[in-house]
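Working notes, beginning with the structure itself.
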Amino acid sequence: MSLHATGRSMVAGTGIAAMLVAVPTAASSLPAISSIEKHWRDRCIAYREFEADPVALDDTERANDYWDRIDAAEVAILNNPDTSTRAAELRLWVAWSHCDETNRTAVSQADVPALRGIHASLDWHEKLIFAAILNLRGEG
């Protein structure tokens, strides 16, 4: 939830205008989210919404709305100037999601515990990608 949405909610509420004074203070105490993390979050949300939409698999136009959002986020992740280990990890998650026959749900959400649970069934290239991701996280 964004602070902007929170502020609108408070204004639309029961006249607790005094709380608006606290919003700038709260904003200054929140950690800034990097742009690559924002794009990753947007991608994850679009995937979750697509997977939860019972009509999207049968309605190409509706599915394309999700894929357009996912594609835009992936291009932004690819072209982002961030060179951190987290940025490298996010790019590996995106690359892995484009592999055939992968567990797309777990990969699209970076669900490490689920992937650890099915590690033995992963293909060789998936095991290598997963190992690189875990290395970047300092896990092994």
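Going by the structure tokens order, chains are called A, B, ..., each with residues numbered from 1, while ligands are numbered from 1 in the order shown.
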
Which residues are near Gly138 of chain A? Cut-off 12 Å, only C-alpha atoms, ignore same chain within fewer than 6 positions. Put them as a PDB file with C-alpha atoms, in the first residue's frame.
ATOM      1  CA  THR A  85      23.776  -8.785  -6.379  1.00  0.00           C
ATOM      2  CA  ARG A  86      20.015  -8.398  -5.831  1.00  0.00           C
ATOM      3  CA  GLU A  89      19.343 -12.350  -8.701  1.00  0.00           C
ATOM      4  CA  ALA A 131      22.526 -22.488  -7.353  1.00  0.00           C
ATOM      5  CA  ALA A 132      23.561 -19.079  -8.740  1.00  0.00           C
TER       6      ALA A 132
END

- prompt: With distances taken over only C-alpha atoms, which of A:Ser121, A:Asn103, A:Ser34, A:Ser97 is nearest to Glu74 of chain A?
  reply: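 Smallest separation from Glu74 of chain A among the options: A:Ser97.
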
Enumerate, in order of chain and increasing residue number, the residues of segment 83-121 of chain A with an atom no farther than 12 Å from segment 69-73 of chain A, each with its shortest atom pair and distance in Å to one decimal, counting only C-alpha atoms, as JSON lines.
{"residue": "A:Leu90", "atom": "CA", "partner": "A:Ala73", "partner_atom": "CA", "distance": 11.3}
{"residue": "A:Arg91", "atom": "CA", "partner": "A:Ala73", "partner_atom": "CA", "distance": 11.1}
{"residue": "A:Val94", "atom": "CA", "partner": "A:Ala73", "partner_atom": "CA", "distance": 9.8}
{"residue": "A:Ser97", "atom": "CA", "partner": "A:Ile70", "partner_atom": "CA", "distance": 11.3}
{"residue": "A:His98", "atom": "CA", "partner": "A:Asp71", "partner_atom": "CA", "distance": 11.4}
{"residue": "A:Ser108", "atom": "CA", "partner": "A:Ile70", "partner_atom": "CA", "distance": 10.2}

field: For Leu115 of chain A: contacts at 12 Å, only C-alpha atoms, fewer than 4 positions along chain excluded, given as number ranges by chain
entry: A: 93, 102-111, 119-123, 126-127, 129-131, 133-134

message: Calculated over only C-alpha atoms, which of the candidates A:Ala63, A:Val112, A:Ile36, A:Ala87 has the smallest distance to Glu49 of chain A?
response: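 The closest residue to Glu49 of chain A is A:Ala63.
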